[in-house]
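input38.tsv (TSV, C-alpha atoms) appears below.
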chain	number	residue	atom	x	y	z
A	283	MET	CA	-180.50	51.47	117.05
A	284	SER	CA	-182.64	52.74	119.92
A	285	HIS	CA	-186.32	53.23	119.15
A	286	ILE	CA	-185.83	56.89	120.15
A	287	HIS	CA	-184.59	58.70	117.05
A	288	ILE	CA	-185.60	61.27	114.46
A	289	ASP	CA	-184.78	61.04	110.76
A	290	ILE	CA	-185.33	64.04	108.48
A	291	THR	CA	-184.82	63.94	104.71
A	292	GLY	CA	-185.06	66.79	102.23
A	293	LEU	CA	-187.27	68.86	104.54
A	294	ALA	CA	-188.74	72.01	103.01
A	295	PHE	CA	-191.41	74.41	104.23
A	296	GLY	CA	-192.73	77.79	103.22
A	297	TYR	CA	-195.96	79.69	103.56
A	298	GLU	CA	-197.95	80.25	100.38
A	299	LYS	CA	-196.26	82.66	97.91
A	300	ALA	CA	-193.36	83.12	100.31
A	301	ALA	CA	-189.74	82.05	100.16
A	302	LYS	CA	-188.87	78.75	101.79
A	303	ILE	CA	-188.29	79.05	105.55
A	304	ILE	CA	-186.79	75.55	105.62
A	305	ASP	CA	-184.97	74.55	102.46
A	306	GLY	CA	-183.82	70.97	101.79
A	307	LEU	CA	-182.73	70.06	105.32
A	308	SER	CA	-181.60	66.50	106.10
A	309	VAL	CA	-180.40	65.43	109.55
A	310	SER	CA	-180.80	62.65	112.13
A	311	PHE	CA	-180.95	62.66	115.93
A	312	GLN	CA	-180.38	59.73	118.29
A	313	GLU	CA	-181.64	58.87	121.77
A	314	HIS	CA	-179.06	60.55	123.98
A	315	ASP	CA	-178.37	63.57	121.76
A	316	ALA	CA	-178.55	66.96	123.44
A	317	VAL	CA	-178.77	69.26	120.43
A	318	GLY	CA	-178.65	73.04	120.28
A	319	ILE	CA	-180.20	74.69	117.22
A	320	ILE	CA	-178.60	78.09	116.68
A	321	GLY	CA	-178.78	80.79	114.04
A	322	ALA	CA	-179.57	84.47	113.58
A	323	ASN	CA	-183.14	85.81	113.43
A	324	GLY	CA	-184.94	84.30	110.45
A	325	ALA	CA	-182.72	81.23	110.27
A	326	GLY	CA	-185.72	78.91	110.68
A	327	LYS	CA	-185.06	77.55	114.18
A	328	SER	CA	-188.57	77.89	115.61
A	329	THR	CA	-190.20	76.72	112.39
A	330	PHE	CA	-187.98	73.64	112.43
A	331	LEU	CA	-189.20	72.69	115.92
A	332	LYS	CA	-192.83	73.25	114.93
A	333	LEU	CA	-192.38	70.91	111.97
A	334	LEU	CA	-190.94	68.19	114.23
A	335	VAL	CA	-194.06	68.17	116.40
A	336	GLY	CA	-196.52	68.69	113.54
A	337	LEU	CA	-197.63	72.23	114.34
A	338	GLU	CA	-196.69	72.86	110.72
A	339	LEU	CA	-196.48	70.18	108.03
A	340	PRO	CA	-193.70	70.00	105.42
A	341	SER	CA	-194.13	71.33	101.90
A	342	SER	CA	-191.86	68.46	100.82
A	343	GLY	CA	-189.46	65.97	102.31
A	344	SER	CA	-190.10	63.74	105.30
A	345	ILE	CA	-189.82	63.59	109.09
A	346	ARG	CA	-189.95	60.26	110.90
A	347	ILE	CA	-190.21	60.13	114.69
A	348	GLU	CA	-189.35	56.62	115.93
A	349	GLU	CA	-190.34	55.30	112.45
A	350	ILE	CA	-193.68	57.16	112.53
A	351	PRO	CA	-194.04	59.69	109.69
A	352	VAL	CA	-195.15	63.16	110.79
A	353	GLU	CA	-198.44	63.74	108.97
A	354	LYS	CA	-202.00	64.69	109.85
A	355	GLY	CA	-203.11	61.18	110.71
A	356	THR	CA	-200.22	60.44	113.08
A	357	LEU	CA	-200.07	63.62	115.18
A	358	ALA	CA	-201.67	62.08	118.29
A	359	LYS	CA	-199.02	59.32	118.30
A	360	ILE	CA	-196.23	61.81	117.64
A	361	ARG	CA	-197.31	64.02	120.53
A	362	GLU	CA	-197.31	61.08	122.92
A	363	ARG	CA	-193.59	60.81	122.24
A	364	ILE	CA	-192.54	64.46	121.90
A	365	GLY	CA	-192.95	67.23	124.43
A	366	TYR	CA	-192.83	70.73	122.96
A	367	VAL	CA	-192.19	73.74	125.21
A	368	PHE	CA	-193.30	77.02	123.64
A	369	GLN	CA	-191.19	80.16	123.92
A	370	ASP	CA	-194.12	81.99	125.53
A	371	SER	CA	-195.31	80.11	128.62
A	372	ASP	CA	-198.69	81.85	128.45
A	373	THR	CA	-199.30	79.94	125.20
A	374	GLN	CA	-198.76	76.65	127.04
A	375	LEU	CA	-200.62	77.30	130.29
A	376	PHE	CA	-204.39	77.75	130.04
A	377	MET	CA	-205.94	76.10	133.10
A	378	THR	CA	-206.54	77.77	136.47
A	379	THR	CA	-203.84	76.12	138.58
A	380	VAL	CA	-200.48	74.46	137.96
A	381	ARG	CA	-201.82	71.05	138.95
A	382	GLU	CA	-204.72	71.33	136.50
A	383	ASP	CA	-202.38	72.31	133.66
A	384	VAL	CA	-199.95	69.46	134.35
A	385	ALA	CA	-202.84	66.98	134.58
A	386	PHE	CA	-204.52	68.15	131.37
A	387	ALA	CA	-202.64	66.04	128.79
A	388	PRO	CA	-202.64	62.67	130.62
A	389	THR	CA	-206.31	63.18	131.51
A	390	ASN	CA	-207.09	64.03	127.90
A	391	TYR	CA	-205.39	60.81	126.79
A	392	GLY	CA	-207.78	58.84	129.00
A	393	LEU	CA	-205.41	57.68	131.72
A	394	PRO	CA	-207.02	56.62	135.02
A	395	ALA	CA	-207.15	59.22	137.79
A	396	ASP	CA	-204.59	57.51	140.04
A	397	GLU	CA	-202.08	57.34	137.16
A	398	VAL	CA	-202.73	61.00	136.29
A	399	ASN	CA	-202.09	62.00	139.92
A	400	ARG	CA	-198.89	59.94	140.03
A	401	ARG	CA	-197.62	61.56	136.83
A	402	VAL	CA	-198.49	65.05	138.01
A	403	ASP	CA	-196.65	64.57	141.31
A	404	ARG	CA	-193.62	63.12	139.51
A	405	ALA	CA	-193.50	65.91	136.90
A	406	LEU	CA	-193.68	68.60	139.59
A	407	GLU	CA	-190.88	66.90	141.53
A	408	LEU	CA	-188.67	66.73	138.42
A	409	VAL	CA	-188.84	70.52	137.98
A	410	HIS	CA	-188.68	71.17	141.75
A	411	ILE	CA	-192.06	72.93	142.05
A	412	PRO	CA	-194.35	70.66	144.14
A	413	HIS	CA	-194.96	73.71	146.35
A	414	LEU	CA	-196.60	75.48	143.39
A	415	ALA	CA	-199.08	72.70	142.58
A	416	ASP	CA	-202.18	74.57	143.74
A	417	LYS	CA	-201.05	78.08	142.82
A	418	ALA	CA	-203.06	80.05	140.30
A	419	ILE	CA	-201.19	80.41	137.01
A	420	TYR	CA	-201.63	84.19	136.93
A	421	THR	CA	-199.73	84.54	140.24
A	422	LEU	CA	-196.57	82.82	138.96
A	423	SER	CA	-193.37	84.58	137.99
A	424	GLY	CA	-191.95	84.15	134.48
A	425	GLY	CA	-189.48	81.55	135.74
A	426	GLU	CA	-192.15	79.62	137.60
A	427	LYS	CA	-194.36	79.61	134.49
A	428	LYS	CA	-191.48	78.17	132.46
A	429	LEU	CA	-190.98	75.35	134.97
A	430	ALA	CA	-194.72	74.69	135.04
A	431	SER	CA	-194.71	74.54	131.23
A	432	ILE	CA	-191.97	71.93	131.31
A	433	ALA	CA	-193.92	69.94	133.92
A	434	THR	CA	-196.93	69.83	131.55
A	435	ILE	CA	-194.64	68.09	129.05
A	436	LEU	CA	-193.02	65.71	131.55
A	437	SER	CA	-196.44	64.44	132.72
A	438	MET	CA	-196.65	62.64	129.36
A	439	THR	CA	-193.25	60.96	129.99
A	440	PRO	CA	-191.90	61.95	126.56
A	441	ASP	CA	-189.01	60.26	124.78
A	442	ILE	CA	-188.06	63.59	123.18
A	443	MET	CA	-188.16	67.20	124.39
A	444	LEU	CA	-188.20	70.24	122.11
A	445	LEU	CA	-187.68	73.67	123.65
A	446	ASP	CA	-187.95	77.03	121.90
A	447	GLU	CA	-185.87	79.79	123.55
A	448	PRO	CA	-186.27	78.27	127.04
A	449	SER	CA	-184.04	80.79	128.84
A	450	VAL	CA	-185.89	83.93	127.66
A	451	ALA	CA	-186.86	86.23	130.56
A	452	LEU	CA	-185.43	83.94	133.24
A	453	ASP	CA	-183.53	85.46	136.17
A	454	PRO	CA	-180.11	83.91	136.92
A	455	ARG	CA	-181.40	81.55	139.63
A	456	ASN	CA	-184.22	80.14	137.49
A	457	ARG	CA	-181.88	79.93	134.51
A	458	ARG	CA	-179.41	77.80	136.51
A	459	ASN	CA	-182.29	75.67	137.78
A	460	LEU	CA	-183.53	75.08	134.23
A	461	ILE	CA	-180.04	74.10	133.04
A	462	HIS	CA	-179.88	71.54	135.86
A	463	ILE	CA	-183.33	70.14	135.02
A	464	LEU	CA	-182.52	69.78	131.31
A	465	ASN	CA	-179.20	68.10	132.04
A	466	GLU	CA	-181.06	65.52	134.15
A	467	PHE	CA	-183.32	64.58	131.19
A	468	SER	CA	-181.68	61.44	129.80
A	469	HIS	CA	-183.40	61.09	126.42
A	470	LEU	CA	-183.23	63.18	123.25
A	471	LYS	CA	-183.58	66.93	123.67
A	472	ILE	CA	-183.43	69.65	121.02
A	473	ILE	CA	-183.13	73.26	122.13
A	474	ALA	CA	-183.46	76.27	119.82
A	475	SER	CA	-181.94	79.40	121.33
A	476	HIS	CA	-180.14	82.68	120.74
A	477	ASP	CA	-178.56	82.21	124.18
A	478	LEU	CA	-175.34	80.47	123.18
A	479	ASP	CA	-174.14	80.26	126.79
A	480	PHE	CA	-177.31	78.31	127.61
A	481	ILE	CA	-176.61	76.01	124.65
A	482	TRP	CA	-173.00	75.62	125.86
A	483	ASP	CA	-174.29	74.53	129.29
A	484	THR	CA	-176.96	72.09	128.07
A	485	CYS	CA	-175.97	70.66	124.69
A	486	SER	CA	-173.22	68.35	123.44
A	487	ARG	CA	-174.06	68.84	119.75
A	488	VAL	CA	-174.86	72.03	117.85
A	489	ILE	CA	-176.55	72.62	114.51
A	490	LEU	CA	-176.11	76.03	112.89
A	491	MET	CA	-178.91	77.14	110.56
A	492	ASP	CA	-178.99	80.03	108.12
A	493	HIS	CA	-181.93	80.87	105.84
A	494	GLY	CA	-183.52	77.49	106.45
A	495	GLN	CA	-180.44	75.46	105.64
A	496	LEU	CA	-178.10	73.43	107.81
A	497	VAL	CA	-174.65	75.00	107.47
A	498	ALA	CA	-172.77	73.27	110.30
A	499	ASP	CA	-173.32	70.27	112.58
A	500	GLY	CA	-170.78	69.20	115.17
A	501	PRO	CA	-169.69	68.93	118.80
A	502	ALA	CA	-170.73	71.96	120.85
A	503	ASP	CA	-167.28	72.52	122.30
A	504	GLN	CA	-165.84	72.84	118.78
A	505	LEU	CA	-168.57	74.66	116.92
A	506	LEU	CA	-169.26	77.22	119.65
A	507	ARG	CA	-165.55	78.10	119.78
A	508	ASN	CA	-165.40	78.76	116.03
A	509	GLU	CA	-165.59	82.55	116.00
A	510	THR	CA	-165.10	82.82	112.24
A	511	LEU	CA	-168.00	80.46	111.54
A	512	LEU	CA	-170.31	82.11	114.06
A	513	THR	CA	-169.65	85.69	112.97
A	514	SER	CA	-170.07	84.79	109.30
A	515	HIS	CA	-173.63	83.74	110.14
A	516	GLY	CA	-174.59	86.69	112.34
A	517	LEU	CA	-173.64	85.27	115.74
A	518	GLU	CA	-170.96	85.88	118.37
A	519	LEU	CA	-168.99	83.61	120.66
A	520	PRO	CA	-170.79	82.69	123.90
A	521	LEU	CA	-170.11	85.38	126.51
A	522	SER	CA	-168.28	82.89	128.72
A	523	LEU	CA	-165.84	82.15	125.89
A	524	GLN	CA	-165.45	85.85	125.03
A	525	LYS	CA	-164.25	86.42	128.60
A	526	ARG	CA	-161.73	83.61	128.29
A	527	HIS	CA	-160.46	85.02	124.99
A	528	GLY	CA	-160.13	88.43	126.64
A	529	ALA	CA	-158.19	86.95	129.53
A	530	HIS	CA	-155.68	85.44	127.11
A	531	ALA	CA	-155.40	88.51	124.91

Give the structure from this file in structure tokens form.
Amino acid sequence: MSHIHIDITGLAFGYEKAAKIIDGLSVSFQEHDAVGIIGANGAGKSTFLKLLVGLELPSSGSIRIEEIPVEKGTLAKIRERIGYVFQDSDTQLFMTTVREDVAFAPTNYGLPADEVNRRVDRALELVHIPHLADKAIYTLSGGEKKLASIATILSMTPDIMLLDEPSVALDPRNRRNLIHILNEFSHLKIIASHDLDFIWDTCSRVILMDHGQLVADGPADQLLRNETLLTSHGLELPLSLQKRHGAHA
């Protein structure tokens, strides 16, 4: 087995005096998995990602990232291996310029300046925004902020990428660019999204959640075609597949 994997057993989470948001979830992910997490509002998708990176800690059950348990004492090690891209880019970007934001994490981990500069340049190249390196964050478009947010993650050379609703507010050109960038990432990526066409274009495996539970797990090209399954859990076929169905009606 590759060292890049996630193993989750009996995962449960809920805020105090509230119903469980995640309820008894067990699943594993391997190095080259490209996984889409789908489900209606309230299914637990975003909470699940936050648990994987330790932004929330389980009420019960366990998460192991490359054999490291996710707990308070291991979060620095976990976050060296996992890059987490927030839904709202303004939550992720807090320095003055793109370069400063992308350099923040490797600098904070004590890497030498020449290594930080090398990583920053490489991360900006990977998301095709070297020309934005010295731009002020507040001048960027929504799409540019999303790419800059991803560059802040790539500067730490993660084994695993987690993305929460990455296509929100992107125009068609930036959306296509993001799909291309994600498909170039060769390790494990897990994407939570309502945009099932985006999941169709970026993921080979899909997990369907409902009320904090895993209700289906399978190949994307099978699960995303299953209209009965999707509609029974508050979703619809991807628009691209709806058009094909219409053409054959």

Top pick for closest residue to Ser475 (chain A), considering A:Ala415, A:Ala294, A:Ile320, A:Leu490 and counting all atoms listed in the file:
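Answer, going by the shortest atom-to-atom distance: A:Ile320.
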
Which is closest to Leu406 (chain A) among A:Glu518, A:Asp315, A:Glu382, A:Glu353, if we use only C-alpha atoms?
A:Glu382

Got a sec: who's within 9 Å of Asp370 (chain A), counting all atoms listed in the file, leaving out chain neighbours fewer than 2 positions off, as JSON, numbers by chain?
{"A": [367, 368, 372, 373, 374, 428, 446, 447, 448, 450]}

In Å, rounded to a single decimal, give me how far CA of Ala300 (chain A) is from CA of Met443 (chain A).
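Taking CA of Met443 (chain A) and CA of Ala300 (chain A), their separation equals 29.3 Å.
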
Spatial neighbours of Asn465 (chain A), max dist 12 Å, all atoms listed in the file, sep filter under 3 positions, as a compact mmCIF listing (two decimals) with C-alpha atoms, keeping the file's coordinate frame:
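Listing of out-v1.txt after writing:
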# COMPACT_ATOMS: atom_id res chain seq x y z
CA HIS A 314 -179.06 60.55 123.98
CA ASP A 315 -178.37 63.57 121.76
CA ALA A 316 -178.55 66.96 123.44
CA VAL A 317 -178.77 69.26 120.43
CA LEU A 408 -188.67 66.73 138.42
CA VAL A 409 -188.84 70.52 137.98
CA MET A 443 -188.16 67.20 124.39
CA ARG A 458 -179.41 77.80 136.51
CA ASN A 459 -182.29 75.67 137.78
CA LEU A 460 -183.53 75.08 134.23
CA ILE A 461 -180.04 74.10 133.04
CA HIS A 462 -179.88 71.54 135.86
CA SER A 468 -181.68 61.44 129.80
CA HIS A 469 -183.40 61.09 126.42
CA LEU A 470 -183.23 63.18 123.25
CA LYS A 471 -183.58 66.93 123.67
CA ILE A 472 -183.43 69.65 121.02
CA ILE A 473 -183.13 73.26 122.13
CA PHE A 480 -177.31 78.31 127.61
CA ILE A 481 -176.61 76.01 124.65
CA TRP A 482 -173.00 75.62 125.86
CA ASP A 483 -174.29 74.53 129.29
CA THR A 484 -176.96 72.09 128.07
CA CYS A 485 -175.97 70.66 124.69
CA SER A 486 -173.22 68.35 123.44

Computed interatomic separation between CA of Met491 (chain A) and CA of Leu506 (chain A) (Å):
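Straight-line distance from CA of Met491 (chain A) to CA of Leu506 (chain A) works out to 13.3 Å.
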
Between CA of Gly296 (chain A) and CA of Leu445 (chain A), distance in Å (one decimal):
21.4 Å

Point out the residue among A:Ser437, A:Ser431, A:Thr329, A:Asn323 with the least atom-to-atom distance to Tyr297 (chain A), counting all atoms listed in the file.
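Checking each candidate against Tyr297 (chain A), we get A:Thr329 as the closest.
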
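Residue nearest Ser310 (chain A), chosen from A:Arg381, A:Arg487, A:Arg457, A:Lys327 and counting only C-alpha atoms: A:Arg487.
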
Non-local contacts of region 330-347 of chain A (9 Å; all atoms listed in the file; under 5 positions in same chain excluded) as number ranges by chain:
A: 286-297, 303-304, 306-308, 352-354, 357, 360-361, 363-366, 444-446, 472-474, 494

Counting all atoms listed in the file, which residues come within 12 Å of (-204.6, 58.6, 122.4), with the point read in the file's coordinates, and could you list them as number ranges by chain?
A: 356-363, 387-393, 438

Distance cut-off 9 Å, centre (-170.0, 85.4, 121.0) in file coordinates, counting all atoms listed in the file: which residues qualify? Return them as a PyMOL selection string.
chain A and resi 478-479+506-507+509+512-513+517-524
